[in-house]
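Asks: If it helps, the file is called input_21.csv and holds CSV, C-alpha atoms and all ligand atoms:
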```csv
chain,number,residue,atom,x,y,z
A,1,MET,CA,0.0,0.0,0.0
A,2,GLY,CA,1.4,3.4,-1.0
A,3,LYS,CA,1.9,6.3,1.4
A,4,GLY,CA,-1.0,8.2,-0.2
A,5,ALA,CA,-3.4,5.3,0.5
A,6,VAL,CA,-2.3,5.1,4.2
A,7,PHE,CA,-2.9,8.8,4.6
A,8,ARG,CA,-6.4,8.6,3.0
A,9,MET,CA,-7.2,5.8,5.4
A,10,GLU,CA,-6.2,8.0,8.3
A,11,GLU,CA,-8.2,10.9,7.0
A,12,LYS,CA,-11.3,8.7,6.9
A,13,ASN,CA,-10.7,7.7,10.5
A,14,TYR,CA,-9.5,11.0,12.0
A,15,GLY,CA,-10.5,13.7,9.5
A,16,HIS,CA,-7.7,16.2,10.1
A,17,LYS,CA,-4.4,16.6,8.3
A,18,PRO,CA,-1.8,18.1,10.6
A,19,VAL,CA,-0.4,21.3,9.1
A,20,LEU,CA,3.3,22.1,8.8
A,21,LEU,CA,4.0,18.7,10.3
A,22,GLN,CA,7.6,18.3,9.3
A,23,GLU,CA,8.4,21.9,10.2
A,24,CYS,CA,6.9,21.4,13.7
A,25,LEU,CA,8.9,18.3,14.3
A,26,GLU,CA,12.1,20.1,13.3
A,27,ALA,CA,11.1,23.1,15.4
A,28,LEU,CA,10.6,21.1,18.5
A,29,ALA,CA,14.2,19.6,18.2
A,30,ILE,CA,12.8,16.4,19.8
A,31,ARG,CA,15.0,14.5,22.3
A,32,PRO,CA,14.2,10.9,22.9
A,33,ASP,CA,14.1,11.4,26.7
A,34,GLY,CA,12.3,14.7,26.6
A,35,LEU,CA,8.9,15.9,27.9
A,36,TYR,CA,6.6,17.5,25.3
A,37,VAL,CA,3.3,19.3,25.5
A,38,ASP,CA,0.8,19.4,22.7
A,39,GLY,CA,-1.6,22.1,24.0
A,40,THR,CA,-4.0,21.7,21.1
A,41,LEU,CA,-4.1,17.9,20.7
A,42,GLY,CA,-7.1,17.7,18.3
A,43,ARG,CA,-7.0,14.3,16.6
A,44,ALA,CA,-3.4,13.9,17.6
A,45,GLY,CA,-2.1,14.5,14.1
A,46,HIS,CA,1.1,16.1,15.4
A,47,ALA,CA,1.3,14.1,18.7
A,48,ARG,CA,1.1,10.9,16.7
A,49,GLU,CA,4.4,11.8,15.0
A,50,VAL,CA,6.1,13.2,18.2
A,51,LEU,CA,5.6,10.0,20.2
A,52,PRO,CA,7.5,7.5,18.0
A,53,ARG,CA,10.5,9.9,18.3
A,54,LEU,CA,10.5,9.5,22.1
A,55,LYS,CA,12.2,6.6,23.9
A,56,THR,CA,11.8,7.3,27.6
A,57,GLY,CA,10.2,10.7,27.0
A,58,ARG,CA,6.5,11.6,27.4
A,59,LEU,CA,3.9,13.7,25.8
A,60,ILE,CA,1.2,15.7,27.5
A,61,GLY,CA,-1.8,16.3,25.2
A,62,ILE,CA,-4.3,19.0,26.1
A,63,ASP,CA,-7.6,19.9,24.4
A,64,ARG,CA,-10.8,21.5,25.7
A,65,ASP,CA,-13.0,19.4,23.4
A,66,ALA,CA,-14.0,16.0,24.9
A,67,ALA,CA,-14.6,14.5,21.5
A,68,ALA,CA,-11.0,15.4,20.5
A,69,ILE,CA,-9.6,13.8,23.7
A,70,ALA,CA,-11.6,10.6,23.1
A,71,ALA,CA,-10.5,10.3,19.5
A,72,ALA,CA,-6.9,11.1,20.3
A,73,GLY,CA,-6.9,8.6,23.2
A,74,GLU,CA,-7.9,5.9,20.8
A,75,ARG,CA,-5.3,6.9,18.3
A,76,LEU,CA,-2.5,7.1,20.8
A,77,ALA,CA,-3.4,4.0,22.8
A,78,GLU,CA,-0.4,2.1,21.5
A,79,PHE,CA,1.9,4.5,23.4
A,80,GLY,CA,0.5,3.6,26.8
A,81,ASP,CA,1.3,5.9,29.7
A,82,ARG,CA,3.9,7.8,27.6
A,83,ALA,CA,0.9,9.8,26.3
A,84,VAL,CA,-1.0,11.6,29.1
A,85,LEU,CA,-4.2,13.3,27.9
A,86,VAL,CA,-5.9,16.1,29.7
A,87,ARG,CA,-9.2,17.8,28.9
A,88,GLY,CA,-8.8,21.5,29.7
A,89,ASN,CA,-8.3,25.0,28.4
A,90,PHE,CA,-4.7,25.9,27.6
A,91,SER,CA,-5.4,29.3,29.3
A,92,ALA,CA,-4.9,27.2,32.5
A,93,LEU,CA,-1.7,25.6,31.2
A,94,GLY,CA,0.3,26.6,34.4
A,95,GLU,CA,-2.2,24.9,36.6
A,96,ILE,CA,-2.5,21.8,34.4
A,97,LEU,CA,1.3,21.3,34.4
A,98,ARG,CA,1.4,21.9,38.2
A,99,ASP,CA,-1.3,19.3,38.8
A,100,LEU,CA,0.7,16.8,36.8
A,101,GLY,CA,3.8,17.6,38.8
A,102,ILE,CA,5.7,18.8,35.8
A,103,ASP,CA,8.5,21.2,36.6
A,104,GLY,CA,9.9,21.7,33.0
A,105,ALA,CA,9.1,20.7,29.4
A,106,ASP,CA,11.5,20.4,26.5
A,107,GLY,CA,9.0,21.5,23.9
A,108,MET,CA,5.5,22.8,23.5
A,109,LEU,CA,3.3,23.0,20.4
A,110,PHE,CA,0.1,25.0,19.9
A,111,ASP,CA,-1.8,24.6,16.7
A,112,LEU,CA,-4.5,27.2,17.2
A,113,GLY,CA,-8.1,27.4,16.1
A,114,VAL,CA,-10.6,24.7,15.2
A,115,SER,CA,-10.0,21.2,13.7
A,116,SER,CA,-11.5,19.8,10.5
A,117,PRO,CA,-13.7,17.4,12.5
A,118,GLN,CA,-15.1,20.3,14.5
A,119,LEU,CA,-15.9,22.2,11.3
A,120,ASP,CA,-17.2,19.1,9.5
A,121,GLU,CA,-19.5,17.8,12.2
A,122,PRO,CA,-22.8,19.7,11.4
A,123,SER,CA,-24.2,19.4,14.9
A,124,ARG,CA,-21.3,21.6,16.3
A,125,GLY,CA,-22.6,24.6,14.3
A,126,PHE,CA,-19.2,25.9,13.2
A,127,SER,CA,-19.8,25.8,9.5
A,128,TYR,CA,-21.7,28.2,7.2
A,129,MET,CA,-21.9,25.5,4.6
A,130,ARG,CA,-24.2,23.2,6.6
A,131,ASP,CA,-27.5,24.1,8.4
A,132,ALA,CA,-27.3,23.3,12.1
A,133,PRO,CA,-28.2,24.8,15.5
A,134,LEU,CA,-26.0,27.8,16.3
A,135,ASP,CA,-23.4,26.5,18.7
A,136,MET,CA,-19.7,26.9,17.8
A,137,ARG,CA,-18.4,25.8,21.3
A,138,MET,CA,-15.1,23.9,21.2
A,139,ASP,CA,-16.0,22.8,24.8
A,140,ALA,CA,-19.5,21.5,24.5
A,141,GLY,CA,-20.0,22.2,28.2
A,142,ALA,CA,-19.1,25.9,28.1
A,143,PRO,CA,-21.8,28.3,29.1
A,144,LEU,CA,-21.7,30.7,26.1
A,145,ASP,CA,-22.7,29.6,22.7
A,146,ALA,CA,-23.2,31.4,19.3
A,147,ARG,CA,-27.0,31.4,19.7
A,148,GLU,CA,-26.7,33.5,22.9
A,149,ILE,CA,-24.3,36.0,21.2
A,150,VAL,CA,-26.4,36.4,18.1
A,151,ASN,CA,-29.7,36.8,20.0
A,152,THR,CA,-28.7,38.8,23.1
A,153,TRP,CA,-25.6,40.9,22.5
A,154,SER,CA,-26.3,44.5,21.7
A,155,PHE,CA,-25.8,46.1,18.3
A,156,GLU,CA,-22.6,47.7,19.4
A,157,GLU,CA,-21.1,44.5,20.8
A,158,LEU,CA,-22.0,42.6,17.7
A,159,ARG,CA,-20.6,45.4,15.5
A,160,ARG,CA,-17.4,45.4,17.5
A,161,ILE,CA,-16.7,41.6,17.3
A,162,LEU,CA,-17.6,41.5,13.6
A,163,TYR,CA,-15.2,44.3,12.9
A,164,THR,CA,-12.3,43.4,15.3
A,165,TYR,CA,-12.4,39.6,15.2
A,166,GLY,CA,-13.8,39.1,11.6
A,167,GLU,CA,-12.2,42.2,10.0
A,168,GLU,CA,-15.7,42.5,8.3
A,169,ARG,CA,-16.1,45.8,6.5
A,170,PHE,CA,-19.9,45.4,6.5
A,171,ALA,CA,-20.0,44.9,10.3
A,172,PRO,CA,-22.5,47.7,11.1
A,173,GLN,CA,-24.9,46.5,8.4
A,174,ILE,CA,-24.7,42.9,9.4
A,175,ALA,CA,-25.0,43.7,13.2
A,176,ARG,CA,-28.1,45.9,12.4
A,177,ALA,CA,-29.7,43.1,10.3
A,178,MET,CA,-29.2,40.6,13.2
A,179,VAL,CA,-30.8,42.9,15.7
A,180,ARG,CA,-33.7,43.6,13.3
A,181,ARG,CA,-34.3,40.0,12.4
A,182,ARG,CA,-34.3,38.7,16.0
A,183,GLN,CA,-37.2,41.0,16.8
A,184,GLU,CA,-39.3,38.6,14.8
A,185,GLY,CA,-38.0,35.6,16.9
A,186,PRO,CA,-34.6,34.1,17.8
A,187,ILE,CA,-32.1,33.2,15.1
A,188,GLU,CA,-31.7,29.5,15.7
A,189,THR,CA,-29.6,28.0,13.0
A,190,THR,CA,-26.4,28.6,11.0
A,191,GLY,CA,-28.6,28.6,7.8
A,192,GLU,CA,-30.8,31.4,9.2
A,193,LEU,CA,-27.7,33.4,10.2
A,194,VAL,CA,-26.2,33.0,6.7
A,195,GLU,CA,-29.5,34.4,5.3
A,196,VAL,CA,-29.4,37.4,7.6
A,197,ILE,CA,-25.7,38.1,6.6
A,198,ARG,CA,-26.5,37.9,2.9
A,199,SER,CA,-29.5,40.2,3.3
A,200,ALA,CA,-27.2,42.9,4.8
A,201,MET,CA,-24.5,42.8,2.1
A,202,PRO,CA,-24.5,44.7,-1.2
A,203,PRO,CA,-24.9,42.5,-4.3
A,204,GLN,CA,-21.2,43.1,-5.5
A,205,ALA,CA,-19.9,41.8,-2.1
A,206,LEU,CA,-22.1,38.6,-2.5
A,207,ARG,CA,-20.2,37.9,-5.8
A,208,GLU,CA,-16.8,37.9,-4.1
A,209,LYS,CA,-14.8,34.6,-4.1
A,210,GLN,CA,-14.9,34.3,-0.3
A,211,HIS,CA,-18.2,33.1,1.2
A,212,PRO,CA,-20.1,36.1,2.5
A,213,ALA,CA,-20.6,34.6,5.9
A,214,LYS,CA,-16.9,33.5,6.4
A,215,ARG,CA,-15.8,36.6,8.4
A,216,THR,CA,-18.9,36.8,10.5
A,217,PHE,CA,-18.7,33.1,11.4
A,218,GLN,CA,-15.0,33.5,12.3
A,219,ALA,CA,-15.8,36.5,14.5
A,220,ILE,CA,-18.6,34.8,16.4
A,221,ARG,CA,-16.5,31.6,16.9
A,222,ILE,CA,-13.6,33.7,18.3
A,223,ALA,CA,-16.0,35.4,20.7
A,224,VAL,CA,-17.8,32.2,21.8
A,225,ASN,CA,-14.5,30.4,22.6
A,226,GLY,CA,-12.6,33.4,24.0
A,227,GLU,CA,-9.8,32.5,21.6
A,228,LEU,CA,-7.8,35.7,21.9
A,229,GLU,CA,-8.2,36.0,25.7
A,230,ALA,CA,-6.7,32.5,26.1
A,231,LEU,CA,-3.4,33.3,24.3
A,232,PRO,CA,-1.6,35.7,26.8
A,233,PRO,CA,-1.9,33.4,29.8
A,234,MET,CA,-1.0,30.4,27.7
A,235,LEU,CA,2.1,32.1,26.2
A,236,GLU,CA,3.2,33.2,29.7
A,237,ALA,CA,2.7,29.7,31.2
A,238,ALA,CA,4.4,28.1,28.3
A,239,VAL,CA,7.6,30.2,28.6
A,240,GLN,CA,7.6,29.7,32.4
A,241,GLY,CA,7.1,25.9,31.9
A,242,LEU,CA,10.0,25.4,29.4
A,243,ARG,CA,13.4,24.3,30.5
A,244,PRO,CA,16.4,26.3,29.2
A,245,GLY,CA,16.8,25.3,25.5
A,246,GLY,CA,13.2,24.1,25.3
A,247,ARG,CA,11.3,25.0,22.2
A,248,LEU,CA,7.9,26.8,21.8
A,249,ALA,CA,6.1,26.4,18.4
A,250,VAL,CA,2.9,28.2,17.7
A,251,ILE,CA,0.8,27.9,14.5
A,252,THR,CA,-1.8,30.6,13.9
A,253,PHE,CA,-4.5,30.9,11.2
A,254,HIS,CA,-5.5,34.5,11.2
A,255,SER,CA,-3.8,37.9,11.5
A,256,LEU,CA,-5.3,38.8,14.9
A,257,GLU,CA,-3.8,35.8,16.7
A,258,ASP,CA,-0.6,35.9,14.6
A,259,ARG,CA,0.0,39.6,15.6
A,260,LEU,CA,-0.6,38.7,19.3
A,261,VAL,CA,1.8,35.8,19.2
A,262,LYS,CA,4.4,37.7,17.2
A,263,GLN,CA,4.4,40.7,19.6
A,264,THR,CA,4.4,38.6,22.7
A,265,LEU,CA,7.3,36.5,21.6
A,266,ARG,CA,9.3,39.6,20.5
A,267,GLU,CA,8.7,41.2,23.8
A,268,MET,CA,9.8,38.1,25.7
A,269,ALA,CA,12.9,37.9,23.4
A,270,SER,CA,13.9,41.5,24.1
A,271,GLY,CA,16.3,42.4,26.9
A,272,CYS,CA,17.1,45.7,28.5
A,273,THR,CA,14.5,48.4,28.0
A,274,CYS,CA,16.5,51.3,29.4
A,275,PRO,CA,16.7,54.5,27.3
A,276,PRO,CA,19.7,54.4,25.0
A,277,GLU,CA,21.2,57.4,26.8
A,278,PHE,CA,21.6,55.5,30.1
A,279,PRO,CA,25.3,54.5,30.5
A,280,VAL,CA,24.4,51.2,32.3
A,281,CYS,CA,21.3,49.1,32.4
A,282,VAL,CA,19.1,49.7,35.5
A,283,CYS,CA,16.0,47.8,34.4
A,284,GLY,CA,17.7,44.4,34.6
A,285,LYS,CA,15.4,42.9,32.0
A,286,LYS,CA,16.9,39.8,30.3
A,287,PRO,CA,15.5,38.0,27.3
A,288,ARG,CA,13.5,34.9,28.3
A,289,LEU,CA,13.3,33.7,24.7
A,290,ARG,CA,15.5,33.5,21.6
A,291,LEU,CA,13.6,33.8,18.4
A,292,ILE,CA,14.3,30.9,16.1
A,293,THR,CA,12.0,32.3,13.3
A,294,ARG,CA,12.1,36.0,12.6
A,295,LYS,CA,9.6,35.5,9.8
A,296,PRO,CA,6.9,32.9,10.2
A,297,ILE,CA,7.2,29.5,8.4
A,298,THR,CA,4.4,28.9,5.9
A,299,ALA,CA,3.3,25.9,3.9
A,300,GLY,CA,5.2,24.9,0.7
A,301,PRO,CA,3.6,24.2,-2.7
A,302,ALA,CA,3.1,20.5,-2.1
A,303,GLU,CA,1.3,21.0,1.2
A,304,LEU,CA,-0.8,23.9,-0.2
A,305,GLU,CA,-2.0,21.6,-2.9
A,306,ASP,CA,-2.6,18.7,-0.6
A,307,ASN,CA,-4.3,20.6,2.2
A,308,PRO,CA,-6.1,23.9,1.5
A,309,ARG,CA,-6.4,24.6,5.3
A,310,SER,CA,-2.6,25.1,5.4
A,311,ARG,CA,-3.0,28.3,3.2
A,312,SER,CA,-3.3,30.6,6.2
A,313,ALA,CA,-1.0,28.7,8.6
A,314,LYS,CA,2.0,30.6,10.1
A,315,LEU,CA,4.4,28.8,12.4
A,316,ARG,CA,6.5,30.9,14.9
A,317,VAL,CA,9.3,29.2,16.9
A,318,ALA,CA,11.3,30.4,19.9
A,319,GLU,CA,13.7,28.8,22.4
A,320,ARG,CA,13.8,29.3,26.2
A,321,THR,CA,16.9,31.1,27.5
A,322,GLU,CA,18.4,30.4,30.9
A,323,TYR,CA,17.1,33.7,32.3
A,324,PRO,CA,14.1,33.5,34.7
A,401,LIG,C1,-6.2,23.0,14.7
A,401,LIG,S1,-6.8,21.8,15.9
A,401,LIG,C2,-5.4,20.9,16.3
A,401,LIG,C3,-5.1,19.7,15.4
A,401,LIG,C4,-4.0,18.8,15.8
A,401,LIG,N1,-2.8,19.5,15.9
A,401,LIG,C5,-4.0,17.7,14.9
A,401,LIG,O1,-3.1,17.7,14.0
A,401,LIG,O2,-4.8,16.7,15.0
A,401,LIG,C6,-7.0,22.8,17.3
A,401,LIG,C7,-7.5,22.0,18.5
A,401,LIG,O3,-7.2,22.9,19.7
A,401,LIG,C8,-8.3,22.9,20.5
A,401,LIG,N2,-8.3,24.2,21.2
A,401,LIG,C9,-8.4,25.4,20.7
A,401,LIG,N3,-8.3,26.3,21.7
A,401,LIG,C10,-8.1,25.7,22.8
A,401,LIG,C11,-7.8,26.1,24.1
A,401,LIG,N4,-7.9,27.4,24.5
A,401,LIG,N5,-7.6,25.1,25.1
A,401,LIG,C12,-7.5,23.8,24.7
A,401,LIG,N6,-7.7,23.4,23.5
A,401,LIG,C13,-8.0,24.3,22.5
A,401,LIG,C14,-9.5,22.7,19.6
A,401,LIG,O4,-10.6,22.1,20.4
A,401,LIG,C15,-9.0,21.8,18.5
A,401,LIG,O5,-9.2,20.4,18.8
```
Represent the structure contained in this file as structure tokens.
Replies:
Amino acid sequence: MGKGAVFRMEEKNYGHKPVLLQECLEALAIRPDGLYVDGTLGRAGHAREVLPRLKTGRLIGIDRDAAAIAAAGERLAEFGDRAVLVRGNFSALGEILRDLGIDGADGMLFDLGVSSPQLDEPSRGFSYMRDAPLDMRMDAGAPLDAREIVNTWSFEELRRILYTYGEERFAPQIARAMVRRRQEGPIETTGELVEVIRSAMPPQALREKQHPAKRTFQAIRIAVNGELEALPPMLEAAVQGLRPGGRLAVITFHSLEDRLVKQTLREMASGCTCPPEFPVCVCGKKPRLRLITRKPITAGPAELEDNPRSRSAKLRVAERTEYP
């Protein structure tokens, strides 16, 4: 059986192609006795390739989605207790590592956003391509869902998230259409929401290549899951949790999260902040990271052809210094 056939079989079973896989494995500079954290385990596409490279080492896999943990558990069963899976939000990474008694990791990977199985499962309500109840929660037990946002948030809050999280230029028109439409009764399904979005956009915008609901759905998903709020505590805990020389690899899929990751890593990689006219440093700030990638790594032509999802992926890598 050729390599392609094996991959197609895995796709059928697990439904998610890991992006920038080879690049991530190189970025993590895996040691056979090391301890690695995959903070966005998903269907274990990356973890499944890290584990065979470990001899005595271990991998901690974290995901907030119970369905992902269950599927990854099955897929990683052959690695026994060398794979430890935790259902949780990576915003609590510090606590999760503390509870496991881990005092230092050699590498951490975060492949942000949603997985293909989450998008493809109609009942999760992530996709504008399938009609389903408005949900979009990665953690099915979380209190806030898309239905609540769409039906109860004010015009101003809706406009703000569509504009800032979706970079949607018709944010005011779409937010106004939602508020008007829900006066007739709640907007219950993704299909109804798509219709409201379409009704608010001018005809020429509806003819653009990108689906008219793409940006609005992205914005609502980010708000439902608090995606941007989870990043700063995760990055701080990751850097604190790495041993000197340990690697941090983060894959982002849109400009908002990429900007946040880029700026945070740069800030952590910068040393003294004293004004240049000071003869000696008085701030004492030392770089906690060394940037391995100045520009993000992106997918090559073969991956772009094989996996359209890789189009917007950007991988940034940094290494922990010895400074506290
Ligand atoms: C892009 S997928 C990861 C796919 C995985 N690398 C693979 O190749 O199978 C992102 C995963 O991260 C999870 N996730 C996103 N934000 C999270 C957070 N704040 N805490 C924990 N898991 C999160 C999602 O539930 C999803 O399963």
Asks: Find the residue from A:Glu236, A:Glu277, A:Glu208, A:Asp106 that sits nearest to A:Pro32; use all atoms listed in the file when measuring.
Replies: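 The closest residue to A:Pro32 is A:Asp106.
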Asks: Can you build me a table of chain A residues sitting at most 9 Å from ligand LIG 401 (chain A), with the closest atom pair per residue and its distance in Å to one decimal, using all atoms listed in the file, sorted by chain and residue number, as a tab-separated table?
Replies:
```
residue	atom	partner	partner_atom	distance
A:Tyr14	CA	A:LIG401	O2	8.0
A:Gly15	CA	A:LIG401	O2	8.5
A:His16	CA	A:LIG401	O2	5.7
A:Lys17	CA	A:LIG401	O1	5.9
A:Pro18	CA	A:LIG401	O1	3.7
A:Val19	CA	A:LIG401	O1	6.7
A:Leu21	CA	A:LIG401	O1	8.1
A:Asp38	CA	A:LIG401	N1	7.7
A:Gly39	CA	A:LIG401	C12	6.2
A:Thr40	CA	A:LIG401	O3	3.7
A:Leu41	CA	A:LIG401	C4	5.0
A:Gly42	CA	A:LIG401	O5	3.5
A:Arg43	CA	A:LIG401	O2	3.6
A:Ala44	CA	A:LIG401	O2	4.1
A:Gly45	CA	A:LIG401	O1	3.4
A:His46	CA	A:LIG401	O1	4.7
A:Ala47	CA	A:LIG401	N1	7.3
A:Arg48	CA	A:LIG401	O1	8.4
A:Ile62	CA	A:LIG401	C12	5.9
A:Asp63	CA	A:LIG401	N6	3.6
A:Arg64	CA	A:LIG401	C12	4.1
A:Asp65	CA	A:LIG401	O4	4.7
A:Ala66	CA	A:LIG401	O4	8.3
A:Ala67	CA	A:LIG401	O5	8.4
A:Ala68	CA	A:LIG401	O5	5.6
A:Ile69	CA	A:LIG401	O5	8.2
A:Ala72	CA	A:LIG401	O2	8.0
A:Arg87	CA	A:LIG401	C12	7.5
A:Gly88	CA	A:LIG401	C12	5.7
A:Asn89	CA	A:LIG401	N5	3.4
A:Phe90	CA	A:LIG401	N5	3.9
A:Ser91	CA	A:LIG401	N4	5.7
A:Ala92	CA	A:LIG401	N5	8.2
A:Leu93	CA	A:LIG401	N5	8.5
A:Leu109	CA	A:LIG401	N1	8.3
A:Phe110	CA	A:LIG401	N1	7.4
A:Asp111	CA	A:LIG401	C1	5.1
A:Leu112	CA	A:LIG401	C6	5.1
A:Gly113	CA	A:LIG401	C6	4.9
A:Val114	CA	A:LIG401	C6	4.6
A:Ser115	CA	A:LIG401	S1	3.9
A:Ser116	CA	A:LIG401	S1	7.4
A:Pro117	CA	A:LIG401	O5	8.3
A:Gln118	CA	A:LIG401	O5	7.3
A:Arg137	CA	A:LIG401	O4	8.7
A:Met138	CA	A:LIG401	O4	4.9
A:Asp139	CA	A:LIG401	O4	7.0
A:Asn225	CA	A:LIG401	N3	7.5
A:Gly226	CA	A:LIG401	N4	7.6
A:Glu227	CA	A:LIG401	N4	6.2
A:Leu228	CA	A:LIG401	N4	8.7
A:Glu229	CA	A:LIG401	N4	8.7
A:Ala230	CA	A:LIG401	N4	5.5
A:Leu231	CA	A:LIG401	N4	7.4
A:Met234	CA	A:LIG401	N4	8.2
A:Ile251	CA	A:LIG401	C1	8.5
A:Thr252	CA	A:LIG401	C1	8.8
A:Phe253	CA	A:LIG401	C1	8.8
```
Asks: Can I get the selected residues back with C-alpha atoms, as an mmCIF file, in the coordinates of the input?
Replies:
```cif
data_model
loop_
_atom_site.group_PDB
_atom_site.id
_atom_site.type_symbol
_atom_site.label_atom_id
_atom_site.label_comp_id
_atom_site.auth_asym_id
_atom_site.auth_seq_id
_atom_site.Cartn_x
_atom_site.Cartn_y
_atom_site.Cartn_z
ATOM 1 C CA TYR A 14 -9.500 11.000 12.000
ATOM 2 C CA GLY A 15 -10.500 13.700 9.500
ATOM 3 C CA HIS A 16 -7.700 16.200 10.100
ATOM 4 C CA LYS A 17 -4.400 16.600 8.300
ATOM 5 C CA PRO A 18 -1.800 18.100 10.600
ATOM 6 C CA VAL A 19 -0.400 21.300 9.100
ATOM 7 C CA LEU A 21 4.000 18.700 10.300
ATOM 8 C CA ASP A 38 0.800 19.400 22.700
ATOM 9 C CA GLY A 39 -1.600 22.100 24.000
ATOM 10 C CA THR A 40 -4.000 21.700 21.100
ATOM 11 C CA LEU A 41 -4.100 17.900 20.700
ATOM 12 C CA GLY A 42 -7.100 17.700 18.300
ATOM 13 C CA ARG A 43 -7.000 14.300 16.600
ATOM 14 C CA ALA A 44 -3.400 13.900 17.600
ATOM 15 C CA GLY A 45 -2.100 14.500 14.100
ATOM 16 C CA HIS A 46 1.100 16.100 15.400
ATOM 17 C CA ALA A 47 1.300 14.100 18.700
ATOM 18 C CA ARG A 48 1.100 10.900 16.700
ATOM 19 C CA ILE A 62 -4.300 19.000 26.100
ATOM 20 C CA ASP A 63 -7.600 19.900 24.400
ATOM 21 C CA ARG A 64 -10.800 21.500 25.700
ATOM 22 C CA ASP A 65 -13.000 19.400 23.400
ATOM 23 C CA ALA A 66 -14.000 16.000 24.900
ATOM 24 C CA ALA A 67 -14.600 14.500 21.500
ATOM 25 C CA ALA A 68 -11.000 15.400 20.500
ATOM 26 C CA ILE A 69 -9.600 13.800 23.700
ATOM 27 C CA ALA A 72 -6.900 11.100 20.300
ATOM 28 C CA ARG A 87 -9.200 17.800 28.900
ATOM 29 C CA GLY A 88 -8.800 21.500 29.700
ATOM 30 C CA ASN A 89 -8.300 25.000 28.400
ATOM 31 C CA PHE A 90 -4.700 25.900 27.600
ATOM 32 C CA SER A 91 -5.400 29.300 29.300
ATOM 33 C CA ALA A 92 -4.900 27.200 32.500
ATOM 34 C CA LEU A 93 -1.700 25.600 31.200
ATOM 35 C CA LEU A 109 3.300 23.000 20.400
ATOM 36 C CA PHE A 110 0.100 25.000 19.900
ATOM 37 C CA ASP A 111 -1.800 24.600 16.700
ATOM 38 C CA LEU A 112 -4.500 27.200 17.200
ATOM 39 C CA GLY A 113 -8.100 27.400 16.100
ATOM 40 C CA VAL A 114 -10.600 24.700 15.200
ATOM 41 C CA SER A 115 -10.000 21.200 13.700
ATOM 42 C CA SER A 116 -11.500 19.800 10.500
ATOM 43 C CA PRO A 117 -13.700 17.400 12.500
ATOM 44 C CA GLN A 118 -15.100 20.300 14.500
ATOM 45 C CA ARG A 137 -18.400 25.800 21.300
ATOM 46 C CA MET A 138 -15.100 23.900 21.200
ATOM 47 C CA ASP A 139 -16.000 22.800 24.800
ATOM 48 C CA ASN A 225 -14.500 30.400 22.600
ATOM 49 C CA GLY A 226 -12.600 33.400 24.000
ATOM 50 C CA GLU A 227 -9.800 32.500 21.600
ATOM 51 C CA LEU A 228 -7.800 35.700 21.900
ATOM 52 C CA GLU A 229 -8.200 36.000 25.700
ATOM 53 C CA ALA A 230 -6.700 32.500 26.100
ATOM 54 C CA LEU A 231 -3.400 33.300 24.300
ATOM 55 C CA MET A 234 -1.000 30.400 27.700
ATOM 56 C CA ILE A 251 0.800 27.900 14.500
ATOM 57 C CA THR A 252 -1.800 30.600 13.900
ATOM 58 C CA PHE A 253 -4.500 30.900 11.200
#
```
Asks: Using only C-alpha atoms, can you list as an MDAnalysis selection string the residues within 10 Å of (9.5, 26.0, 20.7)?
Replies: chainID A and resid 24 26:29 106:110 238:239 242 245:250 289:292 316:320
Asks: Give as a compact mmCIF listing (two decimals) with C-alpha atoms, in the coordinates of the input each residue that has an atom at most 10 Å from (17.1, 44.8, 31.3) in the file, counting only C-alpha atoms.
Replies:
```txt
# COMPACT_ATOMS: atom_id res chain seq x y z
CA SER A 270 13.90 41.50 24.10
CA GLY A 271 16.30 42.40 26.90
CA CYS A 272 17.10 45.70 28.50
CA THR A 273 14.50 48.40 28.00
CA CYS A 274 16.50 51.30 29.40
CA VAL A 280 24.40 51.20 32.30
CA CYS A 281 21.30 49.10 32.40
CA VAL A 282 19.10 49.70 35.50
CA CYS A 283 16.00 47.80 34.40
CA GLY A 284 17.70 44.40 34.60
CA LYS A 285 15.40 42.90 32.00
CA LYS A 286 16.90 39.80 30.30
CA PRO A 287 15.50 38.00 27.30
```
Asks: Identify which of the residues A:Glu148, A:Ile30, A:Ile197, A:Ser310 lies closest to A:His211, counting only C-alpha atoms when measuring atom-to-atom distances.
Replies: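 The shortest atom-to-atom distance to A:His211 comes from A:Ile197.
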Asks: Mind pulling up the distance from atom CA of A:Asp99 to atom CA of A:Arg58?
Replies: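 It comes out at 15.8 Å.
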Asks: Find the residues of stretch 73-157 of chain A that sit at most 7 Å from stretch 182-194 of chain A; for each, write down the nearest two atoms and how far apart they are in Å, to one decimal. Count all atoms listed in the file. Sort by chain, then by number going up, and give it as JSON lines.
Replies:
```
{"residue": "A:Gly125", "atom": "CA", "partner": "A:Thr190", "partner_atom": "CA", "distance": 6.4}
{"residue": "A:Tyr128", "atom": "CA", "partner": "A:Thr190", "partner_atom": "CA", "distance": 6.1}
{"residue": "A:Asp131", "atom": "CA", "partner": "A:Gly191", "partner_atom": "CA", "distance": 4.7}
{"residue": "A:Ala132", "atom": "CA", "partner": "A:Thr189", "partner_atom": "CA", "distance": 5.3}
{"residue": "A:Pro133", "atom": "CA", "partner": "A:Thr189", "partner_atom": "CA", "distance": 4.3}
{"residue": "A:Leu134", "atom": "CA", "partner": "A:Thr189", "partner_atom": "CA", "distance": 4.9}
{"residue": "A:Arg147", "atom": "CA", "partner": "A:Glu188", "partner_atom": "CA", "distance": 6.5}
{"residue": "A:Asn151", "atom": "CA", "partner": "A:Pro186", "partner_atom": "CA", "distance": 6.0}
```
Asks: Please measure the separation of atom CA of A:Ala219 and atom CA of A:Thr164, giving the value in Å to one decimal.
Replies: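 If I compute the distance from atom CA of A:Ala219 to atom CA of A:Thr164, I get 7.8 Å.
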Asks: Go through A:Met178, A:Val37, A:Val84, A:Leu235 one by one, measure the shortest atom-to-atom distance of each to A:Leu162 using all atoms listed in the file, and give the residue with the smallest value.
Replies: A:Met178
